[in-house]
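Coordinates as given in entry.pdb (PDB, C-alpha atoms):
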```pdb
MODEL        1
ATOM      1  CA  MET G1351     -23.450 -40.525 -51.435
ATOM      2  CA  TRP G1352     -22.771 -42.383 -48.193
ATOM      3  CA  SER G1353     -22.533 -40.945 -44.705
ATOM      4  CA  GLY G1354     -22.518 -42.484 -41.247
ATOM      5  CA  ASP G1355     -20.226 -45.036 -39.609
ATOM      6  CA  PHE G1356     -17.360 -46.708 -41.476
ATOM      7  CA  GLU G1357     -14.437 -49.099 -41.098
ATOM      8  CA  VAL G1358     -11.271 -48.509 -43.106
ATOM      9  CA  HIS G1359      -9.095 -51.589 -43.705
ATOM     10  CA  LEU G1360      -5.566 -51.216 -45.082
ATOM     11  CA  THR G1361      -3.743 -54.418 -46.053
ATOM     12  CA  CYS G1362       0.056 -54.649 -46.243
ATOM     13  CA  PRO G1363       2.428 -57.379 -47.513
ATOM     14  CA  ALA G1364       2.549 -60.582 -45.461
ATOM     15  CA  ARG G1365       6.244 -60.116 -44.699
ATOM     16  CA  LYS G1366       5.405 -56.832 -42.949
ATOM     17  CA  ALA G1367       2.967 -58.346 -40.446
ATOM     18  CA  VAL G1368       5.165 -57.762 -37.391
ATOM     19  CA  ALA G1369       5.975 -54.192 -38.402
ATOM     20  CA  LEU G1370       2.305 -53.469 -39.119
ATOM     21  CA  ALA G1371       1.265 -54.846 -35.721
ATOM     22  CA  ARG G1372       3.835 -52.590 -34.061
ATOM     23  CA  PHE G1373       2.632 -49.560 -36.040
ATOM     24  CA  ALA G1374      -0.993 -50.254 -35.094
ATOM     25  CA  GLU G1375      -0.139 -50.538 -31.408
ATOM     26  CA  GLN G1376       1.884 -47.322 -31.461
ATOM     27  CA  HIS G1377      -0.860 -45.366 -33.215
ATOM     28  CA  GLY G1378      -3.957 -46.735 -31.499
ATOM     29  CA  ALA G1379      -5.300 -48.695 -34.467
ATOM     30  CA  LYS G1380      -6.600 -52.260 -34.670
ATOM     31  CA  PHE G1381      -4.392 -54.984 -36.156
ATOM     32  CA  SER G1382      -5.649 -58.247 -37.646
ATOM     33  CA  HIS G1383      -3.837 -60.982 -39.525
ATOM     34  CA  ILE G1384      -6.299 -62.769 -41.787
ATOM     35  CA  GLU G1385      -5.312 -66.230 -42.990
ATOM     36  CA  LEU G1386      -7.109 -67.817 -45.941
ATOM     37  CA  ASP G1387      -6.989 -71.553 -46.581
ATOM     38  CA  GLN G1388      -6.073 -71.051 -50.248
ATOM     39  CA  GLY G1389      -5.669 -68.401 -52.939
ATOM     40  CA  VAL G1390      -3.064 -66.053 -54.376
ATOM     41  CA  ALA G1391      -2.615 -64.111 -51.106
ATOM     42  CA  PRO G1392      -3.415 -66.411 -48.171
ATOM     43  CA  SER G1393      -1.707 -64.188 -45.577
ATOM     44  CA  GLN G1394      -3.204 -60.696 -45.264
ATOM     45  CA  PRO G1395      -2.087 -58.503 -42.327
ATOM     46  CA  MET G1396      -4.438 -55.569 -41.964
ATOM     47  CA  LEU G1397      -4.800 -52.305 -40.053
ATOM     48  CA  THR G1398      -8.313 -51.105 -39.225
ATOM     49  CA  VAL G1399      -9.526 -47.675 -38.139
ATOM     50  CA  PHE G1400     -13.068 -46.515 -37.479
ATOM     51  CA  GLY G1401     -14.660 -43.239 -38.456
ATOM     52  CA  SER G1402     -17.970 -41.426 -38.746
ATOM     53  CA  GLY G1403     -18.940 -38.669 -41.133
ATOM     54  CA  THR G1404     -19.442 -37.950 -44.800
ATOM     55  CA  TRP G1405     -17.867 -39.922 -47.617
ATOM     56  CA  THR G1406     -15.417 -37.066 -48.221
ATOM     57  CA  GLU G1407     -14.340 -37.134 -44.575
ATOM     58  CA  ILE G1408     -13.840 -40.900 -44.648
ATOM     59  CA  GLN G1409     -11.746 -40.588 -47.816
ATOM     60  CA  ARG G1410      -9.523 -38.123 -45.984
ATOM     61  CA  LEU G1411      -9.270 -40.478 -43.022
ATOM     62  CA  ALA G1412      -8.204 -43.336 -45.288
ATOM     63  CA  ALA G1413      -5.684 -41.129 -47.086
ATOM     64  CA  HIS G1414      -4.216 -39.968 -43.762
ATOM     65  CA  TRP G1415      -3.604 -43.496 -42.504
ATOM     66  CA  ARG G1416      -2.354 -44.703 -45.855
ATOM     67  CA  ALA G1417       0.183 -41.883 -45.974
ATOM     68  CA  GLY G1418       1.299 -42.683 -42.436
ATOM     69  CA  LEU G1419       1.819 -46.344 -43.242
ATOM     70  CA  GLU G1420       3.760 -45.664 -46.398
ATOM     71  CA  ALA G1421       5.913 -43.054 -44.634
ATOM     72  CA  ALA G1422       6.824 -45.831 -42.191
ATOM     73  CA  GLY G1423       7.848 -48.110 -45.068
ATOM     74  CA  LEU G1424       4.631 -50.138 -45.045
ATOM     75  CA  ARG G1425       3.281 -50.345 -48.580
ATOM     76  CA  VAL G1426      -0.500 -50.559 -48.748
ATOM     77  CA  LEU G1427      -1.697 -53.315 -51.086
ATOM     78  CA  ARG G1428      -5.393 -52.833 -50.526
ATOM     79  CA  ALA G1429      -7.745 -50.170 -49.238
ATOM     80  CA  LYS G1430     -11.187 -51.413 -48.315
ATOM     81  CA  ILE G1431     -13.921 -49.257 -46.798
ATOM     82  CA  GLU G1432     -17.044 -50.749 -45.243
ATOM     83  CA  ALA G1433     -20.216 -48.865 -44.336
ATOM     84  CA  ALA G1434     -22.613 -49.783 -41.555
ATOM     85  CA  LEU G1435     -25.969 -51.047 -42.798
ATOM     86  CA  TRP G1436     -27.799 -48.083 -41.258
ATOM     87  CA  ASN G1437     -25.728 -45.517 -43.182
ATOM     88  CA  ASP G1438     -27.288 -43.144 -45.658
ATOM     89  CA  GLY G1439     -26.785 -44.422 -49.190
ATOM     90  CA  VAL G1440     -26.765 -48.161 -48.471
ATOM     91  CA  PRO G1441     -29.159 -49.684 -51.050
ATOM     92  CA  GLU G1442     -32.281 -51.318 -49.696
ATOM     93  CA  LEU G1443     -33.517 -52.795 -52.989
ATOM     94  CA  ASP G1444     -31.720 -54.563 -55.836
ATOM     95  CA  GLU G1445     -32.575 -51.825 -58.326
ATOM     96  CA  HIS G1446     -30.634 -49.346 -56.198
ATOM     97  CA  ALA G1447     -27.456 -51.452 -56.056
ATOM     98  CA  ARG G1448     -24.294 -50.032 -57.601
ATOM     99  CA  ALA G1449     -22.026 -52.083 -59.854
ATOM    100  CA  GLY G1450     -18.782 -53.217 -58.256
ATOM    101  CA  LEU G1451     -20.003 -52.865 -54.664
ATOM    102  CA  TYR G1452     -21.133 -55.663 -52.395
ATOM    103  CA  PHE G1453     -22.482 -56.674 -49.021
ATOM    104  CA  GLU G1454     -20.124 -58.691 -46.854
ATOM    105  CA  HIS G1455     -21.172 -60.947 -43.986
ATOM    106  CA  HIS G1456     -18.989 -62.591 -41.342
ATOM    107  CA  VAL G1457     -20.245 -65.528 -39.309
ATOM    108  CA  LYS G1458     -18.106 -66.559 -36.350
ATOM    109  CA  VAL G1459     -18.076 -70.249 -35.462
ATOM    110  CA  ARG G1460     -15.960 -72.356 -33.123
ATOM    111  CA  LEU G1461     -14.133 -75.493 -34.276
ATOM    112  CA  PRO G1462     -11.749 -78.042 -32.769
ATOM    113  CA  PRO G1463      -8.216 -76.703 -33.450
ATOM    114  CA  GLY G1464      -6.413 -78.226 -36.404
ATOM    115  CA  ASP G1465      -9.243 -80.613 -37.285
ATOM    116  CA  GLU G1466      -9.136 -80.601 -41.087
ATOM    117  CA  ARG G1467     -12.105 -82.949 -41.347
ATOM    118  CA  VAL G1468     -14.404 -80.594 -39.449
ATOM    119  CA  LEU G1469     -13.050 -77.599 -41.349
ATOM    120  CA  GLY G1470     -13.794 -79.434 -44.585
ATOM    121  CA  GLU G1471     -17.356 -80.063 -43.435
ATOM    122  CA  LEU G1472     -17.794 -76.357 -42.703
ATOM    123  CA  THR G1473     -16.349 -75.407 -46.085
ATOM    124  CA  SER G1474     -18.733 -77.780 -47.852
ATOM    125  CA  ALA G1475     -21.713 -76.503 -45.866
ATOM    126  CA  VAL G1476     -21.187 -72.872 -46.910
ATOM    127  CA  ARG G1477     -19.788 -73.226 -50.435
ATOM    128  CA  ASP G1478     -23.149 -73.050 -52.211
ATOM    129  CA  HIS G1479     -23.923 -69.791 -50.405
ATOM    130  CA  GLY G1480     -21.013 -67.830 -51.881
ATOM    131  CA  ALA G1481     -19.045 -68.168 -48.651
ATOM    132  CA  ARG G1482     -15.765 -69.578 -47.355
ATOM    133  CA  PRO G1483     -13.996 -69.851 -43.976
ATOM    134  CA  SER G1484     -10.940 -67.892 -42.865
ATOM    135  CA  ARG G1485      -9.226 -67.248 -39.541
ATOM    136  CA  ASN G1486      -7.597 -64.413 -37.662
ATOM    137  CA  ALA G1487      -4.086 -65.507 -36.724
ATOM    138  CA  ARG G1488      -4.145 -63.047 -33.827
ATOM    139  CA  ARG G1489      -7.051 -64.769 -32.097
ATOM    140  CA  VAL G1490      -5.694 -67.018 -29.367
ATOM    141  CA  HIS G1491      -7.301 -70.439 -29.130
ATOM    142  CA  THR G1492      -7.154 -73.122 -26.473
ATOM    143  CA  GLU G1493      -6.449 -76.807 -26.865
ATOM    144  CA  ASP G1494     -10.192 -77.353 -27.206
ATOM    145  CA  TRP G1495     -11.306 -74.793 -29.818
ATOM    146  CA  GLU G1496     -10.417 -72.079 -32.302
ATOM    147  CA  ASP G1497     -12.525 -69.434 -34.016
ATOM    148  CA  ARG G1498     -13.221 -69.426 -37.734
ATOM    149  CA  PHE G1499     -14.994 -66.739 -39.698
ATOM    150  CA  VAL G1500     -17.237 -67.630 -42.610
ATOM    151  CA  THR G1501     -17.258 -64.774 -45.130
ATOM    152  CA  GLN G1502     -20.101 -64.292 -47.597
ATOM    153  CA  ARG G1503     -20.250 -61.652 -50.334
ATOM    154  CA  CYS G1504     -23.388 -60.556 -52.154
ATOM    155  CA  HIS G1505     -22.750 -58.534 -55.310
ATOM    156  CA  GLY G1506     -25.154 -56.282 -57.163
ATOM    157  CA  VAL G1507     -28.054 -56.589 -54.729
ATOM    158  CA  GLY G1508     -29.834 -54.517 -52.095
ATOM    159  CA  ARG G1509     -29.881 -55.065 -48.353
ATOM    160  CA  ARG G1510     -33.091 -57.111 -48.398
ATOM    161  CA  THR G1511     -31.706 -59.669 -50.839
ATOM    162  CA  ALA G1512     -28.342 -59.765 -49.067
ATOM    163  CA  THR G1513     -30.010 -60.355 -45.706
ATOM    164  CA  GLY G1514     -32.047 -63.186 -47.204
ATOM    165  CA  ARG G1515     -28.853 -64.824 -48.442
ATOM    166  CA  LEU G1516     -27.277 -64.387 -45.019
ATOM    167  CA  ASP G1517     -30.276 -66.071 -43.405
ATOM    168  CA  ALA G1518     -29.880 -69.016 -45.793
ATOM    169  CA  LEU G1519     -26.170 -69.218 -44.940
ATOM    170  CA  LEU G1520     -26.889 -69.222 -41.209
ATOM    171  CA  THR G1521     -29.408 -72.014 -41.689
ATOM    172  CA  ALA G1522     -26.827 -74.075 -43.587
ATOM    173  CA  VAL G1523     -24.208 -73.499 -40.885
ATOM    174  CA  ARG G1524     -26.581 -74.611 -38.135
ATOM    175  CA  ILE G1525     -27.841 -77.616 -40.090
ATOM    176  CA  GLY G1526     -24.185 -78.605 -40.481
ATOM    177  CA  GLY G1527     -23.949 -78.811 -36.706
ATOM    178  CA  PHE G1528     -21.981 -75.616 -36.108
ATOM    179  CA  GLU G1529     -22.841 -73.076 -33.438
ATOM    180  CA  VAL G1530     -23.109 -69.478 -34.626
ATOM    181  CA  LEU G1531     -21.340 -67.208 -32.129
ATOM    182  CA  GLU G1532     -21.475 -63.852 -33.865
ATOM    183  CA  VAL G1533     -22.748 -62.290 -37.092
ATOM    184  CA  GLN G1534     -21.541 -59.089 -38.763
ATOM    185  CA  GLN G1535     -22.987 -57.335 -41.825
ATOM    186  CA  GLU G1536     -21.338 -54.517 -43.790
ATOM    187  CA  TYR G1537     -21.671 -52.831 -47.146
ATOM    188  CA  VAL G1538     -18.355 -52.505 -48.967
ATOM    189  CA  VAL G1539     -18.313 -49.098 -50.636
ATOM    190  CA  HIS G1540     -14.717 -49.331 -51.824
ATOM    191  CA  ASP G1541     -12.294 -52.199 -52.501
ATOM    192  CA  ASP G1542      -9.367 -51.419 -54.770
ATOM    193  CA  ALA G1543      -7.685 -54.844 -54.699
ATOM    194  CA  ALA G1544     -10.360 -57.533 -54.553
ATOM    195  CA  HIS G1545      -8.087 -59.632 -56.779
ATOM    196  CA  LEU G1546      -6.044 -60.464 -53.651
ATOM    197  CA  ASP G1547      -8.818 -62.930 -52.781
ATOM    198  CA  THR G1548      -8.616 -64.740 -56.130
ATOM    199  CA  GLY G1549      -8.607 -68.486 -55.588
ATOM    200  CA  TRP G1550     -10.216 -68.170 -52.165
ATOM    201  CA  LEU G1551     -13.606 -66.502 -52.580
ATOM    202  CA  GLU G1552     -14.528 -66.108 -56.222
ATOM    203  CA  ARG G1553     -17.116 -63.885 -57.907
ATOM    204  CA  GLU G1554     -15.203 -60.708 -57.223
ATOM    205  CA  PRO G1555     -16.086 -57.426 -58.887
ATOM    206  CA  ALA G1556     -13.751 -56.178 -61.572
ATOM    207  CA  ARG G1557     -11.005 -53.802 -60.525
ATOM    208  CA  GLY G1558     -12.348 -50.289 -60.562
ATOM    209  CA  SER G1559     -11.008 -46.786 -60.476
ATOM    210  CA  ALA G1560      -8.334 -45.339 -58.233
ATOM    211  CA  TRP G1561      -8.834 -46.013 -54.530
ATOM    212  CA  TRP G1562      -9.748 -42.466 -53.571
ATOM    213  CA  GLN G1563     -12.528 -42.067 -56.147
TER     214      GLN G1563
ENDMDL
END
```

Would you write the structure of this file as structure tokens?
Amino acid sequence: MWSGDFEVHLTCPARKAVALARFAEQHGAKFSHIELDQGVAPSQPMLTVFGSGTWTEIQRLAAHWRAGLEAAGLRVLRAKIEAALWNDGVPELDEHARAGLYFEHHVKVRLPPGDERVLGELTSAVRDHGARPSRNARRVHTEDWEDRFVTQRCHGVGRRTATGRLDALLTAVRIGGFEVLEVQQEYVVHDDAAHLDTGWLEREPARGSAWWQ
């Protein structure tokens, strides 16, 4: 089983974004408000906490924060736990991959604000690589630029294959004329509501067991 460094993401209803931001500030957690360009749930406010330890310890951490949110009247729609690539248990080869789990990559690029043509070009450039842009509504942009995050998911493969697909995505982004500012790679070891991304980024794993299992 996994051990090492983790991120725990807890998503709440869009209408609770302000309350969730306040809760995060009061409790020393990170708040993000992810906006998708389409799909069944385009507005996804999210609280993030970081932890290190065994899988059992990270489950307890997630349960603690979930209980705190729900005690404050903030219903959790999704619990997602991401492991660092160097963690024990992250599959290196395809034959070691576990069903329902996936690698997730985030590529940060900078675009002219509100330019739908350029955004469309970025979307077209990454579509064939199982990726799609999103934005963090909390990130302040100037009159000249705004940040977008291209998300890629690689299901049922090991780290080597996933990294190869990320390299191909980065090549496509650069060929499209976009500057890559930052790249993040994680292995998603738990996602109990991937259906929230239906209509935005397809090829999601089927809904699995209860979130704490």

* Would you kindly return, as a list in words, each protein, DNA or RNA residue with an atom no farther than 9 Å from any atom of Arg1485 (chain G), considering all atoms listed in the file and excluding same-chain residues fewer than 6 positions away? =>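 So the residues in contact are His1383, Ile1384, Glu1385, Leu1386, Asp1387, Glu1496, Asp1497, Arg1498, Phe1499 and Val1500 of chain G.
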
Each residue of region 1387-1503 of chain G with at least one atom at most 10 Å from region 1523-1547 of chain G should appear once, together with its nearest atom pair and the corresponding distance in Å (one decimal); atoms considered: only C-alpha atoms; ordering: chain, then increasing residue number; output as a Markdown table.
```
| residue | atom | partner | partner_atom | distance |
| --- | --- | --- | --- | --- |
| G:Gln1388 | CA | G:Asp1547 | CA | 8.9 |
| G:Gly1389 | CA | G:Asp1547 | CA | 6.3 |
| G:Val1390 | CA | G:Leu1546 | CA | 6.4 |
| G:Ala1391 | CA | G:Leu1546 | CA | 5.6 |
| G:Pro1392 | CA | G:Asp1547 | CA | 7.9 |
| G:Ser1393 | CA | G:Leu1546 | CA | 9.9 |
| G:Gln1394 | CA | G:Leu1546 | CA | 8.9 |
| G:Trp1405 | CA | G:Val1539 | CA | 9.7 |
| G:Leu1427 | CA | G:Ala1543 | CA | 7.2 |
| G:Arg1428 | CA | G:Ala1543 | CA | 5.2 |
| G:Ala1429 | CA | G:Asp1542 | CA | 5.9 |
| G:Lys1430 | CA | G:Asp1541 | CA | 4.4 |
| G:Ile1431 | CA | G:His1540 | CA | 5.1 |
| G:Glu1432 | CA | G:Val1538 | CA | 4.3 |
| G:Ala1433 | CA | G:Tyr1537 | CA | 5.1 |
| G:Ala1434 | CA | G:Glu1536 | CA | 5.4 |
| G:Leu1435 | CA | G:Glu1536 | CA | 5.9 |
| G:Trp1436 | CA | G:Glu1536 | CA | 9.5 |
| G:Asn1437 | CA | G:Tyr1537 | CA | 9.3 |
| G:Gly1439 | CA | G:Val1539 | CA | 9.8 |
| G:Val1440 | CA | G:Tyr1537 | CA | 7.0 |
| G:Pro1441 | CA | G:Tyr1537 | CA | 9.0 |
| G:Arg1448 | CA | G:Val1539 | CA | 9.2 |
| G:Gly1450 | CA | G:His1540 | CA | 8.5 |
| G:Leu1451 | CA | G:Val1539 | CA | 5.8 |
| G:Tyr1452 | CA | G:Val1538 | CA | 5.4 |
| G:Phe1453 | CA | G:Tyr1537 | CA | 4.4 |
| G:Glu1454 | CA | G:Glu1536 | CA | 5.3 |
| G:His1455 | CA | G:Gln1535 | CA | 4.6 |
| G:His1456 | CA | G:Gln1534 | CA | 5.0 |
| G:Val1457 | CA | G:Val1533 | CA | 4.7 |
| G:Lys1458 | CA | G:Glu1532 | CA | 5.0 |
| G:Val1459 | CA | G:Val1530 | CA | 5.2 |
| G:Arg1460 | CA | G:Glu1529 | CA | 6.9 |
| G:Leu1461 | CA | G:Phe1528 | CA | 8.1 |
| G:Val1468 | CA | G:Phe1528 | CA | 9.7 |
| G:Glu1471 | CA | G:Gly1526 | CA | 7.6 |
| G:Leu1472 | CA | G:Gly1526 | CA | 7.1 |
| G:Thr1473 | CA | G:Val1523 | CA | 9.6 |
| G:Ser1474 | CA | G:Gly1526 | CA | 9.2 |
| G:Ala1475 | CA | G:Gly1526 | CA | 6.3 |
| G:Val1476 | CA | G:Val1523 | CA | 6.8 |
| G:Asp1497 | CA | G:Leu1531 | CA | 9.3 |
| G:Phe1499 | CA | G:Glu1532 | CA | 9.2 |
| G:Val1500 | CA | G:Val1523 | CA | 9.3 |
| G:Thr1501 | CA | G:Gln1534 | CA | 9.5 |
| G:Gln1502 | CA | G:Gln1535 | CA | 9.5 |
| G:Arg1503 | CA | G:Val1538 | CA | 9.4 |
```

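Interatomic distance, CA of His1505 (chain G) to CA of Gln1409 (chain G): 22.3 Å.
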
* To do: Select, counting all atoms listed in the file, all protein, DNA and RNA residues no farther than 6 Å from (1.8, -60.5, -39.0) in file coordinates, and express the selection as an MDAnalysis selection string.
  => chainID G and resid 1367:1368 1383 1395

Once you add 5 Å to each side, what are the centre and edge lengths of the axis-aligned box holding all listed atoms of region 1359-1377 of chain G? One decimal in Å, as JSON, if you can.
```
{"center_x": -1.4, "center_y": -53.0, "center_z": -39.5, "size_x": 25.3, "size_y": 25.2, "size_z": 26.1}
```

* To do: Carefully work through the PyMOL selection byres ((chain G and resi 1424) around 9) for this structure and note down the residues it includes, as a list in words.
  =>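 Given this file, the PyMOL selection byres ((chain G and resi 1424) around 9) evaluates to Cys1362, Pro1363, Lys1366, Ala1369, Leu1370, Arg1416, Gly1418, Leu1419, Glu1420, Ala1421, Ala1422, Gly1423, Arg1425 and Val1426 of chain G.
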
* Top pick for closest residue to Arg1365 (chain G), considering G:Ala1417, G:Met1351, G:Met1396, G:Val1507 and counting all atoms listed in the file -> G:Met1396

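Take the candidates G:Glu1466, G:Thr1398, G:Leu1551, G:Ala1512 and check each one against Phe1373 (chain G) using only C-alpha atoms; the shortest distance goes to G:Thr1398.
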
* Which neighbours of His1479 (chain G) fall inside 8 Å, counting only C-alpha atoms, when residues of the same chain fewer than 5 positions from it are skipped, and could you give them as a PyMOL selection string? -> chain G and resi 1502+1515+1518-1519

* Asked: Restricting the calculation to only C-alpha atoms, which member of G:Glu1357, G:Ala1522, G:Ser1382, G:Gly1464 is positioned closest to Val1399 (chain G)?
  ->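 Ranked by minimum distance to Val1399 (chain G), first place goes to G:Glu1357.
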
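CA of Asp1355 (chain G) lies 7.6 Å from CA of Phe1400 (chain G).
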
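Our summary of the geometry notes that CA of Phe1381 (chain G) is positioned 24.0 Å from CA of Gly1549 (chain G).
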
* For the structure shown, which residues end up in the PyMOL selection byres ((chain G and resi 1444) around 6)? Put them as a list in words, please? => Leu1443, Glu1445, His1446, Ala1447, Val1507 and Gly1508 of chain G

* **Residue nearest Ala1412 (chain G) among G:Phe1356, G:Pro1463, G:Gly1514, G:Gly1378 (counting only C-alpha atoms)** =>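 For Ala1412 (chain G), the nearest of the given residues is G:Phe1356.
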
* Asked: Can you list, as a VMD selection string, every protein, DNA or RNA residue that comes within 7 Å of Pro1462 (chain G) when you count all atoms listed in the file, leaving out same-chain residues fewer than 3 positions away?
  -> chain G and resid 1465 1494 to 1496

Once you have the residues from the selection above, write them out as a CSV table (one decimal), in the coordinates of the input, restricted to C-alpha atoms.
```csv
chain,number,residue,atom,x,y,z
G,1465,ASP,CA,-9.2,-80.6,-37.3
G,1494,ASP,CA,-10.2,-77.4,-27.2
G,1495,TRP,CA,-11.3,-74.8,-29.8
G,1496,GLU,CA,-10.4,-72.1,-32.3
```

* To do: Tell me which residues the PyMOL selection byres ((chain G and resi 1404) around 8) grabs here, as number ranges by chain.
  => G: 1352-1354, 1402-1403, 1405-1408

Give me region 1461-1481 of chain G with N, CA and C atoms filled in, as a PDB file, keeping the file's coordinate frame.
```pdb
ATOM      1  N   LEU G1461     -14.473 -74.151 -33.810  1.00  0.00           N
ATOM      2  CA  LEU G1461     -14.133 -75.493 -34.276  1.00  0.00           C
ATOM      3  C   LEU G1461     -13.033 -76.093 -33.410  1.00  0.00           C
ATOM      4  N   PRO G1462     -12.904 -77.422 -33.410  1.00  0.00           N
ATOM      5  CA  PRO G1462     -11.749 -78.042 -32.769  1.00  0.00           C
ATOM      6  C   PRO G1462     -10.478 -77.593 -33.488  1.00  0.00           C
ATOM      7  N   PRO G1463      -9.417 -77.225 -32.791  1.00  0.00           N
ATOM      8  CA  PRO G1463      -8.216 -76.703 -33.450  1.00  0.00           C
ATOM      9  C   PRO G1463      -7.524 -77.755 -34.309  1.00  0.00           C
ATOM     10  N   GLY G1464      -7.183 -77.358 -35.527  1.00  0.00           N
ATOM     11  CA  GLY G1464      -6.413 -78.226 -36.404  1.00  0.00           C
ATOM     12  C   GLY G1464      -7.157 -79.423 -36.953  1.00  0.00           C
ATOM     13  N   ASP G1465      -8.459 -79.471 -36.800  1.00  0.00           N
ATOM     14  CA  ASP G1465      -9.243 -80.613 -37.285  1.00  0.00           C
ATOM     15  C   ASP G1465      -9.653 -80.342 -38.731  1.00  0.00           C
ATOM     16  N   GLU G1466      -8.888 -80.862 -39.669  1.00  0.00           N
ATOM     17  CA  GLU G1466      -9.136 -80.601 -41.087  1.00  0.00           C
ATOM     18  C   GLU G1466     -10.443 -81.227 -41.562  1.00  0.00           C
ATOM     19  N   ARG G1467     -10.841 -82.321 -40.945  1.00  0.00           N
ATOM     20  CA  ARG G1467     -12.105 -82.949 -41.347  1.00  0.00           C
ATOM     21  C   ARG G1467     -13.283 -82.028 -41.037  1.00  0.00           C
ATOM     22  N   VAL G1468     -13.307 -81.485 -39.840  1.00  0.00           N
ATOM     23  CA  VAL G1468     -14.404 -80.594 -39.449  1.00  0.00           C
ATOM     24  C   VAL G1468     -14.367 -79.314 -40.273  1.00  0.00           C
ATOM     25  N   LEU G1469     -13.165 -78.794 -40.512  1.00  0.00           N
ATOM     26  CA  LEU G1469     -13.050 -77.599 -41.349  1.00  0.00           C
ATOM     27  C   LEU G1469     -13.571 -77.875 -42.752  1.00  0.00           C
ATOM     28  N   GLY G1470     -13.281 -79.061 -43.270  1.00  0.00           N
ATOM     29  CA  GLY G1470     -13.794 -79.434 -44.585  1.00  0.00           C
ATOM     30  C   GLY G1470     -15.307 -79.511 -44.607  1.00  0.00           C
ATOM     31  N   GLU G1471     -15.896 -80.001 -43.522  1.00  0.00           N
ATOM     32  CA  GLU G1471     -17.356 -80.063 -43.435  1.00  0.00           C
ATOM     33  C   GLU G1471     -17.959 -78.664 -43.430  1.00  0.00           C
ATOM     34  N   LEU G1472     -17.311 -77.738 -42.718  1.00  0.00           N
ATOM     35  CA  LEU G1472     -17.794 -76.357 -42.703  1.00  0.00           C
ATOM     36  C   LEU G1472     -17.683 -75.736 -44.088  1.00  0.00           C
ATOM     37  N   THR G1473     -16.557 -75.950 -44.740  1.00  0.00           N
ATOM     38  CA  THR G1473     -16.349 -75.407 -46.085  1.00  0.00           C
ATOM     39  C   THR G1473     -17.412 -75.916 -47.049  1.00  0.00           C
ATOM     40  N   SER G1474     -17.710 -77.201 -46.979  1.00  0.00           N
ATOM     41  CA  SER G1474     -18.733 -77.780 -47.852  1.00  0.00           C
ATOM     42  C   SER G1474     -20.117 -77.223 -47.544  1.00  0.00           C
ATOM     43  N   ALA G1475     -20.389 -76.981 -46.267  1.00  0.00           N
ATOM     44  CA  ALA G1475     -21.713 -76.503 -45.866  1.00  0.00           C
ATOM     45  C   ALA G1475     -22.007 -75.106 -46.385  1.00  0.00           C
ATOM     46  N   VAL G1476     -20.957 -74.281 -46.544  1.00  0.00           N
ATOM     47  CA  VAL G1476     -21.187 -72.872 -46.910  1.00  0.00           C
ATOM     48  C   VAL G1476     -20.872 -72.565 -48.364  1.00  0.00           C
ATOM     49  N   ARG G1477     -20.264 -73.500 -49.073  1.00  0.00           N
ATOM     50  CA  ARG G1477     -19.788 -73.226 -50.435  1.00  0.00           C
ATOM     51  C   ARG G1477     -20.902 -72.756 -51.360  1.00  0.00           C
ATOM     52  N   ASP G1478     -22.050 -73.396 -51.303  1.00  0.00           N
ATOM     53  CA  ASP G1478     -23.149 -73.050 -52.211  1.00  0.00           C
ATOM     54  C   ASP G1478     -23.816 -71.715 -51.872  1.00  0.00           C
ATOM     55  N   HIS G1479     -23.354 -71.081 -50.810  1.00  0.00           N
ATOM     56  CA  HIS G1479     -23.923 -69.791 -50.405  1.00  0.00           C
ATOM     57  C   HIS G1479     -22.946 -68.643 -50.659  1.00  0.00           C
ATOM     58  N   GLY G1480     -21.976 -68.873 -51.553  1.00  0.00           N
ATOM     59  CA  GLY G1480     -21.013 -67.830 -51.881  1.00  0.00           C
ATOM     60  C   GLY G1480     -20.148 -67.453 -50.701  1.00  0.00           C
ATOM     61  N   ALA G1481     -19.768 -68.438 -49.887  1.00  0.00           N
ATOM     62  CA  ALA G1481     -19.045 -68.168 -48.651  1.00  0.00           C
ATOM     63  C   ALA G1481     -17.882 -69.138 -48.482  1.00  0.00           C
TER      64      ALA G1481
END
```
